[in-house]
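*Asks:* Can you read through this structure? Questions will come right after.
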Amino acid sequence: MIFYFTSENIFSFNSGTEFSQAKRTKLFNLERQTAFYVARNYNPNFHQVALQMELSDDQLINMYDYFQEAINVPRKKINVRFAPFISKRDYHLDSVNPNYSLIKYHGRTTAKVNIAPLTVGLVGSVEYYDSFGNIAAIDYWDWRGFKSSTQYFHPNGQPGAQRFFSPEGKPVMEIARMNISGKLFPTMYKLFDYRGRNWRFDSENELFIFFMNELIAQRPGVVINDRPSMTDVIARIGGAIKKFQYLHDVHTADSGNPFRGEIMTGLKPLFTTYSSAYDGIIVATNEQRNDLKKRYPKMNIYQAPDTYIDQEQLAKRPKNYSSRVSHKLLYFGRLSEEKHPEQAIRAFGVIKQIVSDATLEFRGYSSSPDFMAQLKKQVVDAGLKGSVAFCSYATGVHRDRILDQAELVIQTSTGEGFSMSLLEAMSHGLPVVAYDANYGPRNFVRDAFNGYLVNNGNVVGLADNVIKIFQDNSLWQKLSVGAYQTAKAFDAKNVWDNWQKSGILN
Amino acid sequence: MNFFINSNMQKNKSGIEHAELKRAALFRDHHESFKIVLRDWSQTLHKDIKDSGLSDAEVINMFDYFQGTEKVTEKNIQAKDIDFGVAVDLYENDPKNNRVLAWQVIKKINGESQRRLLGRINYFSFAKDRISSTEMFDAFGNLYAVNYYDIRGFLSLTQWYTPDNKIGTESWQTLDRRSVLESFNKFDAKGEFKKSGWRLVDKNGSIYTFQTIEELTKHFLDSINFDYSSQERGNVFILDRTHLGDWALRDLKKPAYTVIHLHNSQAGNAEDEMHSILNNHYEYSLWNTNDYDAIISATSKQTADVAKRFKPQARLFTIPVGVIPSKHFQEQRIPMSDRFSHKIVALARIAPEKRLNDLVKAVGIAKKEIPDISLDLYGYRDSSDNFKAYQDIKKAVEDYRLADEVKVHGYTTNVSVIEKKAQIFAVTSIMEGFNLSMMEALSEGDVGLTYDVNYGPNELVVDGENGYIVPNGDYHALAEKIIFLFKHPDELQKKSERAYELSKRYSETKVWQDWRELLDDAQDKWPEKISHYKSPLLFGLAENGGKL
């Protein structure tokens with residue numbers, strides 16, 4: 001049986017949904033199942049960000065890759081200084097800074113080469129200018145070293161037609177962008193010479209449905225959709241052996257009222273229009289499954305874990321107390337309104353009064369620049385500027401180092417489907433102080449074993465528990481061991497067992 | 001390779017195209033290789049080439065060159081071959097507009113069906129079975145692109161449309177639809193919607209941007225100059241339309257022998273060749289004459305005038321643009337007695353600068369002495385100023401009561417038959433570049449009469465030998481010569497024979513000798529030119545320090 005896990009994309013900054021989807025892809029392949037991370041959106045850096053998620057090319061199917069005949073393309077590094085399309089007999093290449101170079105003809109800039117993100121000097125995209133100074137065309141280069149698409153522009157600067165190419169340069173697809181009721185949209189997707197003819201679609205989702213049907217016709221399988229925004233599209237795919245929707249989050253923002261609380265707007269179609277299009281809904285915890293079962297008795301609700309902790313991490317024993325930065329508190333996750341990072345700052349203000357050398361580090365991307373500014377202002381107003389740091393989202397060894405250096409992790413979210421970031425922090429031996437929120441933290445945080453839970457909104461309770469741990473090394477040591485043990489229970493073997501017993505794979 | 005540079009070879013040809021075709025025939029007959037370089041894009045180019053008697057190999061078009069479509073096997077595509085990417089439910093013939101409409105029929109839930117236009121398939125006006133273009137619609141009723149097809153049956157150009165229905169980006173494509181040449185249309189700083197630039201993916205994958213088509217043309221000329229020259233032999237570029245490459249030829253990357261061909265007077269006022277403002281078309285080339293290798297004029301008078309006024313260092317050649325085929329000289333000569341008695345003809349556009357009303361007046365004056373005189377005029381009627389030239393002729397006809405004597409015909413291709421039956425061929429133009437019709441008329445034994453105007457008529461006619469040259473604008477003098485010739489049949493006959501004789505100045509053999517001289521000069525100069533040239537560096541430039 002083949003498994004297709006579907007979502008929009010892989011990003012530079014991914015949310016838990018992508019992490020979970022990627023983890024599951026890896027877990028299934030680890031357990032000798034054939035599973036693919038399937039993505040709908042166009043992304044010339046797809047294979048770069050996939051690599052950051054430790055996904056290999058044979059675990060990935062991006063729709064555009066599929067039609068571009070570029071699922072498996074060995075990477076070739078196209079250094080801007082040796083790019084074959086820049087004739088340096090005619091043009092100067094001016095390497096302005098690590099982010100871009102300019103192509104100049106007799107001193108006039110004719111094009112700008114944007115360096116691919118997180119690379120040194122590799123071609124990312126090239127903007128070509130016309131004589132009026134407009135961007136006339138942009139060539140997007142795939143991270144693997146081929147020209148992937150050319151974007152043209154309407155006179156007002158909005159994107160117009162776009163052509164996509166195979167690695168050999170053959171045009172395989174075209175998008176037209178025109179008006180619908182006076183507003184610009186992609187209005188036509190055309191495949192050239194796919195299976196011997198052209199195919200026209202009126203939207204990207206129509207194309208995606210066709211694409212999924214093609215995949216399933218070639219290799220029948222089970223579809224698990226990870227993105228609620230794609231619930232309607234996946235519902236329209238025919239031929240899948242089974243279709244599931246994985247819910248990574250709580251189903252209602254009213255976390256104290258799982259039975260009557262208003263269903264999240266994005267999830268409403270799943271429980272109404274499309275409920276019969278799916279063979280079931282998967283959630284991360286038994287608690288949420290039971291709540292949903294009670295609420296929707298006619299629907300099949302399954303439980304299977306959102307993530308697992310890989311063996312490589314578990315093999316490294318957690319760092320001991322002395323190698324960590326003393327009294328460093330970590331907020332590890334997205335900085336968005338529903339996760340209430342402002343309450344973490346308030347708690348920290350209390351902590352700081354007792355533990356004067358305490359520091360707080362935020363790690364994660366923010367939902368908006370405005371929200372970030374608001375948080376920063378709050379820190380300044382509270383006189384905490386020197387002890388609170390806002391740091392960028394980290395991956396890989398950098399991320400590991402951060403988790404190895406902090407002493408405690410704090411979470412202020414009032415609703416979590418699972419809280420993968422907490423579990424990940426615990427695998428590094430970090431005790432947790434968090435709100436007792438549905439569903440994740442309550443599921444694996446045990447008071448005095450691996451951390452403490454306090455009621456939603458109890459900022460002082462958070463602070464008290466942090467202070468308690470900061471002031472008692474032996475307590476920290478005990479909780480750290482407990483945290484690691486909790487994470488260990490989510491190793492690949494146990495999680496796969498859980499999947500097998502879930503009923504989903506039957 | 002010898003390149004003749006022009007823009008197009010369309011059906012309605014001007015003197016320049018005729019001159020090039022005659023030159024082409026001459027080169028072909030003498031096994032001297034040549035290519036007519038056509039700069040402009042045209043869907044019907046290869047039909048036009050064929051209709052002009054040229055083979056595909058004798059032409060190189062800039063767009064074909066970059067599209068890789070110089071030689072394409074012809075294919076006739078039908079409406080059914082146009083793949084819209086969805087099934088066409090209904091083809092609707094629209095013969096009035098010379099097109100077929102392709103519809104999708106969508107069944108609605110209420111049972112009604114709705115038609116949605118997929119595209120309009122347009123045919124060439126002259127070939128009702130050949131697709132010329134398809135107008136493509138999206139599902140929301142927007143015309144998002146128009147695809148233009150080459151007459152040989154492939155998609156050559158896609159024009160993407162803007163939401164407000166203007167032509168946005170244009171893309172010329174290879175046979176497998178790769179976009180290799182693009183042009184952009186945008187608003188400039190003043191808000192005017194204009195062509196804003198070009199982008200080329202060259203054959204080796206390099207991407208170039210150009211502000212203007214002139215810059216692109218320069219790149220093209222450089223490219224073919226590289227492709228077709230070797231250490232041993234260089235290319236000859238003969239520029240027949242200066243705007244296509246007068247600056248480019250001064251600045252080619254690799255040497256070549258460059259030639260400006262004057263097809264018209266270098267002076268704005270041809271009668272004041274030493275002082276007049278320069279002919280705007282030639283101004284840039286004349287200022288830069290010394291950057292070219294040679295200047296060709298069709299007459300020795302023009303060559304002399306250019307030499308006298310500009311004292312150029314470029315070599316000057318006189319090469320007639322007309323060529324009389326060798327076999328013509330074996331034809332039977334027709335004595336004046338076997339022609340329409342007292343018949344005068346003129347073949348010229350019915351346009352003000354041809355001053356044909358002067359000729360009518362001269363005939364009017366002569367009629368008093370030669371009662372059976374007649375005049376036939378052949379040519380397109382120029383519509384400018386409400387057909388003023390034609391109105392002037394009509395007025396002169398009325399003034400001199402010549403309704404029976406003067407006939408104004410349309411344009412004719414039956415030239416030699418008309419000229420064989422006439423006795424006098426007359427020219428009353430303000431100025432000329434050469435006047436191929438007069439050359440042909442004289443070669444048919446017509447006696448020439450002309451005003452003394454530059455350049456061509458006053459050299460084609462040798463005063464007192466094969467006709468007479470009278471002062472410019474003096475139609476009384478013109479009448480006098482008509483009367484004299486028609487009253488002295490022996491003189492008329494003698495001059496007709498000289499007309500046949502003097503035509504040998506334009507024989508294939510003679511004109512080829514003139515060309516040979518230029519081609520020899522090009523060859524003589526090549527070793528010197530190439531010796532100063534160093535080919536581009538290749539070693540050490542590749543990523544690993546290797547050769548490019």
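Naming works like this for the structure tokens: A, B, ... for the chains as they're shown, residue 1 at the start of each chain, ligands 1 onward in shown order.
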Need the shell around Phe154 (chain B): protein/DNA/RNA residues with any atom at most 12 Å away, counting only C-alpha atoms. Skip same-chain ones fewer than 2 positions apart. Format as a PyMOL selection string?

*Replies:* chain B and resi 43-44+67+69+72-78+81-82+130-134+147-152+156-158+172-177

*Asks:* Those same residues - C-alpha atoms - I'd like them written as a CSV table (one decimal), in the first residue's frame.

*Replies:*
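Saved the output as result.csv:
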```csv
chain,number,residue,atom,x,y,z
B,43,GLN,CA,4.2,34.8,-40.9
B,44,THR,CA,4.2,34.6,-44.7
B,67,GLN,CA,13.9,30.4,-33.5
B,69,THR,CA,13.3,27.7,-38.1
B,72,VAL,CA,11.2,23.7,-41.7
B,73,THR,CA,9.2,21.0,-43.4
B,74,GLU,CA,5.9,22.4,-44.3
B,75,LYS,CA,2.8,21.1,-42.6
B,76,ASN,CA,-0.8,22.0,-43.1
B,77,ILE,CA,-2.6,22.1,-39.7
B,78,GLN,CA,-6.4,22.0,-39.5
B,81,ASP,CA,-5.3,20.1,-34.8
B,82,ILE,CA,-5.5,23.0,-32.4
B,130,ARG,CA,-4.2,27.6,-43.6
B,131,ILE,CA,-4.4,28.7,-40.0
B,132,SER,CA,-3.0,32.1,-39.4
B,133,SER,CA,-3.7,32.7,-35.7
B,134,THR,CA,-5.7,31.4,-32.8
B,147,ASN,CA,-0.9,32.5,-31.1
B,148,TYR,CA,0.4,33.3,-34.6
B,149,TYR,CA,1.3,30.5,-37.0
B,150,ASP,CA,3.9,30.5,-39.6
B,151,ILE,CA,2.7,29.7,-43.1
B,152,ARG,CA,4.8,26.6,-42.9
B,156,SER,CA,5.8,31.0,-34.2
B,157,LEU,CA,4.6,33.9,-31.9
B,158,THR,CA,2.6,34.0,-28.8
B,172,TRP,CA,8.8,33.9,-30.4
B,173,GLN,CA,9.3,30.2,-30.1
B,174,THR,CA,11.2,27.2,-31.4
B,175,LEU,CA,9.4,24.3,-33.0
B,176,ASP,CA,9.2,22.7,-29.5
B,177,ARG,CA,7.7,25.9,-28.0
```

*Asks:* Running DSSP on the backbone, which parts of region 105-307 of chain A land in helix (DSSP H, G or I), as a PyMOL selection string?

*Replies:* chain A and resi 204-218+228-235+265-271+275-277+286-295

*Asks:* Any chance you could export the current selection's N, CA and C atoms as a short mmCIF file (atom, residue, chain, number, x, y, z; two decimals), in the first residue's frame?

*Replies:*
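Output file again_8.cif follows:
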```cif
data_model
loop_
_atom_site.label_atom_id
_atom_site.label_comp_id
_atom_site.auth_asym_id
_atom_site.auth_seq_id
_atom_site.Cartn_x
_atom_site.Cartn_y
_atom_site.Cartn_z
N GLU A 204 -5.72 26.08 -9.85
CA GLU A 204 -4.63 25.22 -9.39
C GLU A 204 -5.20 23.97 -8.72
N ASN A 205 -6.33 24.14 -8.02
CA ASN A 205 -6.92 22.98 -7.35
C ASN A 205 -7.47 21.97 -8.34
N GLU A 206 -8.03 22.45 -9.47
CA GLU A 206 -8.50 21.52 -10.50
C GLU A 206 -7.31 20.70 -11.01
N LEU A 207 -6.21 21.39 -11.20
CA LEU A 207 -4.99 20.71 -11.66
C LEU A 207 -4.53 19.71 -10.60
N PHE A 208 -4.64 20.12 -9.33
CA PHE A 208 -4.17 19.25 -8.25
C PHE A 208 -5.01 17.97 -8.16
N ILE A 209 -6.30 18.13 -8.37
CA ILE A 209 -7.17 16.94 -8.35
C ILE A 209 -6.78 15.98 -9.47
N PHE A 210 -6.55 16.57 -10.66
CA PHE A 210 -6.10 15.76 -11.79
C PHE A 210 -4.79 15.04 -11.45
N PHE A 211 -3.89 15.80 -10.84
CA PHE A 211 -2.57 15.27 -10.48
C PHE A 211 -2.71 14.12 -9.49
N MET A 212 -3.52 14.31 -8.45
CA MET A 212 -3.70 13.26 -7.44
C MET A 212 -4.32 12.02 -8.07
N ASN A 213 -5.29 12.25 -8.96
CA ASN A 213 -5.92 11.11 -9.62
C ASN A 213 -4.92 10.35 -10.49
N GLU A 214 -4.01 11.11 -11.11
CA GLU A 214 -2.96 10.47 -11.90
C GLU A 214 -2.07 9.61 -11.01
N LEU A 215 -1.65 10.18 -9.86
CA LEU A 215 -0.78 9.44 -8.94
C LEU A 215 -1.45 8.15 -8.48
N ILE A 216 -2.71 8.30 -8.09
CA ILE A 216 -3.42 7.16 -7.52
C ILE A 216 -3.70 6.11 -8.59
N ALA A 217 -3.95 6.57 -9.81
CA ALA A 217 -4.19 5.62 -10.90
C ALA A 217 -2.92 4.81 -11.17
N GLN A 218 -1.77 5.47 -11.04
CA GLN A 218 -0.51 4.76 -11.30
C GLN A 218 -0.14 3.85 -10.12
N PRO A 228 -5.99 21.53 6.62
CA PRO A 228 -7.45 21.72 6.56
C PRO A 228 -7.86 22.61 5.39
N SER A 229 -6.97 23.51 4.94
CA SER A 229 -7.32 24.39 3.81
C SER A 229 -7.52 23.59 2.53
N MET A 230 -7.05 22.35 2.52
CA MET A 230 -7.19 21.54 1.31
C MET A 230 -8.25 20.45 1.46
N THR A 231 -9.01 20.52 2.56
CA THR A 231 -10.03 19.49 2.82
C THR A 231 -10.97 19.32 1.63
N ASP A 232 -11.45 20.43 1.08
CA ASP A 232 -12.42 20.35 -0.02
C ASP A 232 -11.81 19.74 -1.28
N VAL A 233 -10.56 20.05 -1.53
CA VAL A 233 -9.90 19.55 -2.75
C VAL A 233 -9.67 18.06 -2.65
N ILE A 234 -9.12 17.64 -1.50
CA ILE A 234 -8.84 16.22 -1.32
C ILE A 234 -10.16 15.43 -1.35
N ALA A 235 -11.22 16.06 -0.86
CA ALA A 235 -12.53 15.39 -0.87
C ALA A 235 -12.93 15.00 -2.29
N THR A 265 -13.32 27.86 12.19
CA THR A 265 -13.89 28.18 10.88
C THR A 265 -13.34 27.28 9.78
N GLY A 266 -12.03 27.12 9.76
CA GLY A 266 -11.39 26.33 8.71
C GLY A 266 -11.78 24.86 8.73
N LEU A 267 -12.30 24.40 9.85
CA LEU A 267 -12.62 22.98 9.97
C LEU A 267 -14.10 22.67 9.71
N LYS A 268 -14.89 23.73 9.65
CA LYS A 268 -16.34 23.51 9.50
C LYS A 268 -16.70 22.63 8.30
N PRO A 269 -16.11 22.87 7.11
CA PRO A 269 -16.49 22.03 5.96
C PRO A 269 -16.22 20.55 6.20
N LEU A 270 -15.14 20.26 6.95
CA LEU A 270 -14.79 18.86 7.21
C LEU A 270 -15.91 18.15 7.98
N PHE A 271 -16.53 18.87 8.90
CA PHE A 271 -17.56 18.24 9.73
C PHE A 271 -18.95 18.37 9.13
N SER A 275 -17.93 15.60 5.31
CA SER A 275 -17.76 14.55 6.32
C SER A 275 -17.82 13.16 5.70
N SER A 276 -18.66 12.99 4.67
CA SER A 276 -18.79 11.66 4.10
C SER A 276 -17.71 11.37 3.04
N ALA A 277 -16.96 12.41 2.66
CA ALA A 277 -15.92 12.20 1.65
C ALA A 277 -14.68 11.55 2.25
N ASN A 286 -5.91 10.55 22.49
CA ASN A 286 -7.15 9.83 22.77
C ASN A 286 -8.22 10.76 23.33
N GLU A 287 -7.78 11.76 24.11
CA GLU A 287 -8.72 12.70 24.72
C GLU A 287 -9.52 13.42 23.64
N GLN A 288 -8.80 13.92 22.63
CA GLN A 288 -9.49 14.63 21.55
C GLN A 288 -10.37 13.67 20.74
N ARG A 289 -9.85 12.46 20.55
CA ARG A 289 -10.65 11.47 19.83
C ARG A 289 -11.98 11.23 20.56
N ASN A 290 -11.89 11.04 21.86
CA ASN A 290 -13.10 10.76 22.63
C ASN A 290 -14.08 11.93 22.58
N ASP A 291 -13.53 13.15 22.69
CA ASP A 291 -14.39 14.34 22.61
C ASP A 291 -15.10 14.42 21.27
N LEU A 292 -14.34 14.19 20.19
CA LEU A 292 -14.93 14.28 18.85
C LEU A 292 -15.94 13.16 18.60
N LYS A 293 -15.60 12.00 19.12
CA LYS A 293 -16.51 10.84 18.95
C LYS A 293 -17.87 11.14 19.58
N LYS A 294 -17.78 11.75 20.76
CA LYS A 294 -19.01 12.10 21.45
C LYS A 294 -19.79 13.14 20.65
N ARG A 295 -19.04 14.07 20.10
CA ARG A 295 -19.67 15.19 19.39
C ARG A 295 -20.18 14.76 18.01
#
```

*Asks:* I need the chain A residues near chain B as a PyMOL selection string; criterion: at most 7 Å, counting only C-alpha atoms.

*Replies:* chain A and resi 82+84-87+110+130-132+136+154-155+170-171+176+178-180+187-188+190+198-200+202

*Asks:* Run DSSP on the backbone and grab whatever in region 175-333 of chain A lands in strand (DSSP E or B); send it over as a CSV table (one decimal) with N, CA and C atoms, in the first residue's frame.

*Replies:*
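And here's selection_1.csv as it stands now:
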```csv
chain,number,residue,atom,x,y,z
A,175,ILE,N,0.7,29.1,-17.0
A,175,ILE,CA,-0.4,29.7,-16.2
A,175,ILE,C,-0.7,31.1,-16.9
A,176,ALA,N,-1.9,31.4,-17.1
A,176,ALA,CA,-2.3,32.7,-17.5
A,176,ALA,C,-3.0,33.4,-16.2
A,177,ARG,N,-2.7,34.7,-16.1
A,177,ARG,CA,-3.3,35.4,-15.0
A,177,ARG,C,-4.1,36.6,-15.6
A,178,MET,N,-5.4,36.5,-15.4
A,178,MET,CA,-6.2,37.6,-15.9
A,178,MET,C,-7.3,37.9,-14.9
A,179,ASN,N,-8.2,38.8,-15.3
A,179,ASN,CA,-9.2,39.3,-14.3
A,179,ASN,C,-10.4,38.4,-14.2
A,180,ILE,N,-10.8,38.2,-12.9
A,180,ILE,CA,-12.2,37.7,-12.7
A,180,ILE,C,-12.9,38.8,-11.9
A,183,LYS,N,-10.6,41.5,-10.7
A,183,LYS,CA,-9.4,41.2,-9.8
A,183,LYS,C,-8.6,40.2,-10.5
A,184,LEU,N,-7.3,40.3,-10.3
A,184,LEU,CA,-6.3,39.4,-11.0
A,184,LEU,C,-6.2,38.1,-10.3
A,185,PHE,N,-6.4,37.0,-11.1
A,185,PHE,CA,-6.3,35.6,-10.6
A,185,PHE,C,-5.5,34.8,-11.6
A,186,PRO,N,-5.0,33.7,-11.2
A,186,PRO,CA,-4.6,32.7,-12.2
A,186,PRO,C,-5.9,32.1,-12.8
A,187,THR,N,-6.0,32.3,-14.1
A,187,THR,CA,-7.3,31.9,-14.7
A,187,THR,C,-7.2,30.6,-15.6
A,188,MET,N,-5.9,30.2,-15.8
A,188,MET,CA,-5.8,29.1,-16.7
A,188,MET,C,-4.5,28.4,-16.4
A,189,TYR,N,-4.6,27.1,-16.2
A,189,TYR,CA,-3.4,26.2,-16.1
A,189,TYR,C,-3.4,25.3,-17.3
A,190,LYS,N,-2.3,25.3,-18.1
A,190,LYS,CA,-2.3,24.4,-19.2
A,190,LYS,C,-1.1,23.6,-19.2
A,191,LEU,N,-1.3,22.2,-19.3
A,191,LEU,CA,-0.2,21.3,-19.5
A,191,LEU,C,0.1,21.1,-21.0
A,192,PHE,N,1.3,21.2,-21.4
A,192,PHE,CA,1.7,20.9,-22.8
A,192,PHE,C,2.1,19.5,-22.9
A,193,ASP,N,1.5,18.8,-23.9
A,193,ASP,CA,2.0,17.5,-24.3
A,193,ASP,C,2.1,16.6,-23.1
A,194,TYR,N,1.2,16.6,-22.2
A,194,TYR,CA,1.2,15.6,-21.1
A,194,TYR,C,0.4,14.4,-21.6
A,197,ARG,N,-1.1,15.0,-25.2
A,197,ARG,CA,-2.0,16.1,-25.5
A,197,ARG,C,-1.9,17.3,-24.5
A,198,ASN,N,-2.6,18.3,-24.8
A,198,ASN,CA,-2.6,19.5,-23.9
A,198,ASN,C,-3.8,19.3,-22.9
A,199,TRP,N,-3.7,19.8,-21.7
A,199,TRP,CA,-4.8,19.7,-20.7
A,199,TRP,C,-4.9,21.1,-20.1
A,200,ARG,N,-6.2,21.6,-20.1
A,200,ARG,CA,-6.4,22.9,-19.5
A,200,ARG,C,-7.2,22.8,-18.3
A,201,PHE,N,-6.8,23.5,-17.2
A,201,PHE,CA,-7.6,23.6,-16.0
A,201,PHE,C,-7.8,25.0,-15.6
A,221,GLY,N,-3.4,4.1,-3.4
A,221,GLY,CA,-2.9,4.3,-2.1
A,221,GLY,C,-3.9,5.0,-1.2
A,222,VAL,N,-3.4,5.2,0.0
A,222,VAL,CA,-4.2,5.9,1.1
A,222,VAL,C,-3.8,7.4,1.1
A,223,VAL,N,-4.7,8.3,1.2
A,223,VAL,CA,-4.4,9.7,1.3
A,223,VAL,C,-4.7,10.2,2.7
A,224,ILE,N,-3.7,10.8,3.3
A,224,ILE,CA,-3.9,11.5,4.6
A,224,ILE,C,-3.6,13.0,4.3
A,225,ASN,N,-4.7,13.8,4.5
A,225,ASN,CA,-4.5,15.2,4.2
A,225,ASN,C,-4.1,15.9,5.5
A,242,LYS,N,-8.3,4.8,0.7
A,242,LYS,CA,-9.0,5.5,1.8
A,242,LYS,C,-8.5,6.9,1.9
A,243,LYS,N,-9.3,7.8,2.5
A,243,LYS,CA,-8.9,9.2,2.7
A,243,LYS,C,-9.1,9.6,4.1
A,244,PHE,N,-8.1,10.2,4.7
A,244,PHE,CA,-8.3,10.7,6.1
A,244,PHE,C,-7.8,12.2,6.1
A,245,GLN,N,-8.4,12.8,7.1
A,245,GLN,CA,-7.9,14.2,7.4
A,245,GLN,C,-7.3,14.1,8.8
A,246,TYR,N,-6.0,14.6,8.8
A,246,TYR,CA,-5.3,14.7,10.1
A,246,TYR,C,-5.6,16.0,10.7
A,247,LEU,N,-6.1,16.1,11.9
A,247,LEU,CA,-6.3,17.4,12.6
A,247,LEU,C,-5.1,17.6,13.6
A,252,THR,N,-11.8,23.3,18.5
A,252,THR,CA,-12.5,24.6,18.9
A,252,THR,C,-11.6,25.5,19.7
A,263,ILE,N,-16.8,25.3,16.3
A,263,ILE,CA,-15.8,24.6,15.5
A,263,ILE,C,-15.0,25.7,14.8
A,280,GLY,N,-12.2,8.9,7.6
A,280,GLY,CA,-12.0,9.2,9.0
A,280,GLY,C,-11.2,10.4,9.3
A,281,ILE,N,-11.2,10.9,10.5
A,281,ILE,CA,-10.4,12.0,11.0
A,281,ILE,C,-9.4,11.4,12.0
A,282,ILE,N,-8.2,11.9,11.9
A,282,ILE,CA,-7.2,11.4,12.8
A,282,ILE,C,-6.8,12.6,13.7
A,283,VAL,N,-6.7,12.3,15.0
A,283,VAL,CA,-6.2,13.3,15.9
A,283,VAL,C,-5.0,12.7,16.7
A,301,ILE,N,-13.4,8.5,14.0
A,301,ILE,CA,-12.3,9.3,14.6
A,301,ILE,C,-11.2,8.4,15.1
A,302,TYR,N,-10.0,8.6,14.6
A,302,TYR,CA,-8.9,7.8,15.0
A,302,TYR,C,-7.9,8.6,15.8
A,303,GLN,N,-7.1,7.8,16.5
A,303,GLN,CA,-6.0,8.5,17.2
A,303,GLN,C,-4.7,7.9,16.7
A,309,ILE,N,10.1,10.7,18.2
A,309,ILE,CA,11.4,11.3,18.5
A,309,ILE,C,12.4,10.3,17.9
A,328,LYS,N,18.1,29.8,32.2
A,328,LYS,CA,17.7,30.3,30.9
A,328,LYS,C,16.4,29.6,30.6
A,329,LEU,N,15.3,30.4,30.3
A,329,LEU,CA,14.0,29.9,30.0
A,329,LEU,C,13.8,30.0,28.5
A,330,LEU,N,13.2,29.0,28.0
A,330,LEU,CA,13.0,29.0,26.5
A,330,LEU,C,11.5,28.9,26.1
A,331,TYR,N,11.1,29.8,25.2
A,331,TYR,CA,9.8,29.7,24.6
A,331,TYR,C,10.1,29.2,23.2
A,332,PHE,N,9.5,28.1,22.9
A,332,PHE,CA,9.9,27.3,21.7
A,332,PHE,C,8.7,27.1,20.8
```

*Asks:* For a quick check of understanding, using only C-alpha atoms, which of A:Arg81, A:Arg401, A:Lys488, A:Lys112 has the smallest distance to Ile135 (chain A)?

*Replies:*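 Smallest separation from Ile135 (chain A) among the options: A:Lys112.
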
*Asks:* Near Lys23 (chain A), within 12 Å and counting only C-alpha atoms, which residues show up once chain neighbours fewer than 6 positions away are dropped, as a PyMOL selection string?

*Replies:* chain A and resi 5+16-17+29-30+35-37+50+53-55+59+305-310+420+491-492+495-496

*Asks:* Need the shell around region 444-447 of chain A: protein/DNA/RNA residues with any atom at most 10 Å away, counting only C-alpha atoms. Skip same-chain ones fewer than 4 positions apart. Format as an mmCIF file with C-alpha atoms, in the first residue's frame?

*Replies:*
```
data_model
loop_
_atom_site.group_PDB
_atom_site.id
_atom_site.type_symbol
_atom_site.label_atom_id
_atom_site.label_comp_id
_atom_site.auth_asym_id
_atom_site.auth_seq_id
_atom_site.Cartn_x
_atom_site.Cartn_y
_atom_site.Cartn_z
ATOM 1 C CA THR A 285 -4.554 12.226 21.427
ATOM 2 C CA PHE A 418 -0.387 17.786 20.479
ATOM 3 C CA SER A 419 2.487 20.245 21.025
ATOM 4 C CA LEU A 422 7.275 20.502 23.842
ATOM 5 C CA LEU A 423 7.989 16.846 23.225
ATOM 6 C CA MET A 426 11.744 17.155 26.450
ATOM 7 C CA PRO A 431 11.473 20.155 31.978
ATOM 8 C CA VAL A 432 8.247 21.867 31.022
ATOM 9 C CA VAL A 433 6.048 24.463 32.645
ATOM 10 C CA ALA A 434 2.859 24.863 30.640
ATOM 11 C CA TYR A 435 -0.832 25.547 30.740
ATOM 12 C CA ASP A 436 -2.987 22.541 31.294
ATOM 13 C CA TYR A 439 -4.930 18.258 24.323
ATOM 14 C CA GLY A 440 -1.207 17.756 24.052
ATOM 15 C CA GLY A 451 7.371 19.477 34.694
ATOM 16 C CA TYR A 452 4.274 21.275 35.907
ATOM 17 C CA LEU A 453 0.895 22.199 34.469
ATOM 18 C CA VAL A 454 -1.098 25.187 35.673
ATOM 19 C CA LEU A 479 12.329 16.532 36.062
ATOM 20 C CA GLY A 482 11.446 12.435 33.553
ATOM 21 C CA ALA A 483 11.215 14.628 30.473
ATOM 22 C CA THR A 486 8.549 10.818 28.372
ATOM 23 C CA ALA A 487 10.117 11.638 25.010
ATOM 24 C CA ALA A 489 8.068 6.719 25.017
#
```

*Asks:* Give me the residues within 10 Å of region 399-401 of chain B as a list of chain:residue names, counting only C-alpha atoms and dropping any in the same chain fewer than 6 places off.

*Replies:* B:Val360, B:Lys361, B:Ala362, B:Val363, B:Gly364, B:Ile365, B:Lys367, B:Ile393

*Asks:* Would you work out the distance separating CA of Gly268 (chain B) from CA of Asn280 (chain B), expressed in Å to one decimal?

*Replies:*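 It comes out at 7.1 Å.
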
*Asks:* I'd like the contact shell of region 373-389 of chain A - 10 Å cut-off, only C-alpha atoms, skipping same-chain residues fewer than 3 positions apart - returned as JSON, numbers by chain.

*Replies:* {"A": [328, 329, 330, 335, 341, 342, 345, 346, 348, 349, 352, 356, 357, 358, 359, 360, 361, 362, 363, 366, 368, 369, 370, 392]}
